[in-house]
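Written out below as structure tokens is the structure these notes cover.
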Amino acid sequence: PTIVAGSGMSQSEAAGPGMQSPETQEQAPIWGTIISADDESIDMDCPSGNVFEGEVIVNISGDTLILDGENGYPIEAKDLQAGETVYAYIGPAMTMSLPPMTNATMIFANVPADFKVPDYVTVKSVVTDAASSQSVLTAMDGTEYTLADDCGIVPYLTRNIVTLDDLTQGRKAVVWSDGENTATRIMVFAE
């Protein structure tokens, strides 16, 4: 069965900030230019082509990860600058206020202009073809990434060794890939 983002999710599953079900993060990020930012929120202007257009307030909680889109290193909210472009993975809820407000689970900043923004995914499966030794990671939203032969698999903020075997169903990961969805680097989060 195909899993559609947000399908079949009850109110209890969409409960509090730490209680996110896997479906809540399987949507494209919103992106735009920072109007202003502080430790608690980013006021951003989302151009057309986004899920939401215009001004959106993205709240930052203690659970929100803010990462450098090029290398995956953490960034402090206080270091986000007006005029910078950011990509925010948001929860399914958004207020009807003007401007609307939502909560971010992951924010990518410092993304170079000609650089493909990494994807924040929940792993559905990883299958390795025995004949070609080619591995394919499938995300919960159905996106498939072919792992480059030299694809680095690294942990988030630990020195633990992580391998293809750590990319188990339900695990969160950041995937850097090219235009053909060939993964060049994968950062795995602790369970």
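Each chain in the structure tokens gets a letter, A, B, ..., in the order shown, and its residues are numbered from 1; ligands are numbered from 1 in order too.
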
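Running DSSP on the backbone gives helix (DSSP H, G or I) for these residues within stretch 44-176 of chain A: Ala77, Lys78, Asp79, Leu164, Asp165 and Asp166 of chain A.
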
> Hey, what's within 7 Å of A:Thr64 if we count only C-alpha atoms and toss same-chain stuff fewer than 3 positions away? As a list of chain:residue names, please?
Replying inline: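 Near A:Thr64, the qualifying residues are A:Ile60, A:Ser61, A:Ala104, A:Thr105, A:Met106.
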
Next, dump the selected residues to file, keeping only N, CA and C atoms, as a compact mmCIF listing (two decimals), in the first residue's frame.
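This is the output file out_11.txt:
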# COMPACT_ATOMS: atom_id res chain seq x y z
N ILE A 60 10.67 27.75 16.47
CA ILE A 60 11.82 26.88 16.76
C ILE A 60 11.67 26.41 18.21
N SER A 61 11.69 25.08 18.40
CA SER A 61 11.61 24.54 19.76
C SER A 61 12.94 23.88 20.10
N ALA A 104 8.75 24.01 13.23
CA ALA A 104 9.75 23.35 12.40
C ALA A 104 10.35 22.16 13.13
N THR A 105 10.58 21.06 12.39
CA THR A 105 11.29 19.92 12.94
C THR A 105 12.75 19.97 12.49
N MET A 106 12.99 20.51 11.28
CA MET A 106 14.34 20.58 10.71
C MET A 106 14.43 21.84 9.86

> Using only C-alpha atoms, which of A:Pro99, A:Gly91, A:Pro112, A:Pro29 sits nearest A:Asn71?
Replying inline: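 Of A:Pro99, A:Gly91, A:Pro112, A:Pro29, the one nearest A:Asn71 is A:Pro112, counting only C-alpha atoms.
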
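You can rank A:Ile75, A:Val127, A:Ala88, A:Cys151 by their closest distance to A:Ala183 using only C-alpha atoms, and at the top of that list sits A:Cys151.
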
> Which is closer to A:Gly83 than all the others in A:Leu157, A:Leu65, A:Met44, A:Leu164, using only C-alpha atoms?
Replying inline: A:Met44

>> Using only C-alpha atoms for the distances, tell me which of A:Leu147, A:Val123, A:Val58, A:Ala28 is nearest to A:Ala93.
In response: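 Selected residue with least distance to A:Ala93: A:Val58.
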
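Taking atom CA of A:Pro118 as the reference point, atom CA of A:Thr182 is found at 11.6 Å.
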
> Could you pull out the strand (DSSP E) residues of stretch 106-167 of chain A from DSSP and send them as a ChimeraX atom specification?
Replying inline: /A:106-109,119-128,135-139,144-155

> Contacts of A:Val86 at 12 Å or less, counting only C-alpha atoms, minus same-chain residues fewer than 2 places along, as a count of residues only?
Replying inline: 40

>> Please determine, counting only C-alpha atoms, which residue among A:Ser48, A:Asp39, A:Leu98, A:Val188 has the shortest atom-to-atom distance to A:Gly152.
In response: A:Val188

Interface rows for stretch 62-122 of chain A against stretch 128-139 of chain A: nearest pair, Å to one decimal, 10 Å, only C-alpha atoms, as JSON lines:
{"residue": "A:Asp119", "atom": "CA", "partner": "A:Ala139", "partner_atom": "CA", "distance": 9.9}
{"residue": "A:Tyr120", "atom": "CA", "partner": "A:Ala139", "partner_atom": "CA", "distance": 9.4}
{"residue": "A:Val121", "atom": "CA", "partner": "A:Ala139", "partner_atom": "CA", "distance": 5.9}
{"residue": "A:Thr122", "atom": "CA", "partner": "A:Ala139", "partner_atom": "CA", "distance": 5.6}

Those residues with N, CA and C atoms, as a short mmCIF file (atom, residue, chain, number, x, y, z; two decimals), in the first residue's frame please?
data_model
loop_
_atom_site.label_atom_id
_atom_site.label_comp_id
_atom_site.auth_asym_id
_atom_site.auth_seq_id
_atom_site.Cartn_x
_atom_site.Cartn_y
_atom_site.Cartn_z
N ASP A 119 17.81 16.27 1.65
CA ASP A 119 16.46 15.86 2.02
C ASP A 119 16.48 15.26 3.42
N TYR A 120 15.47 15.62 4.23
CA TYR A 120 15.30 15.05 5.56
C TYR A 120 14.25 13.96 5.39
N VAL A 121 14.63 12.71 5.57
CA VAL A 121 13.74 11.60 5.26
C VAL A 121 13.60 10.63 6.43
N THR A 122 12.54 9.84 6.35
CA THR A 122 12.38 8.69 7.22
C THR A 122 12.60 7.47 6.33
#

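The nearest approach to A:Phe115 among the residues A:Asp79, A:Asp178, A:Glu55, A:Glu144, with only C-alpha atoms taken into account, belongs to A:Asp178.
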
> Between atom CA of A:Arg185 and atom CA of A:Ile153, what is the distance, to one decimal in Å?
Replying inline: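 Atom-to-atom, atom CA of A:Arg185 and atom CA of A:Ile153 are spaced 6.0 Å apart.
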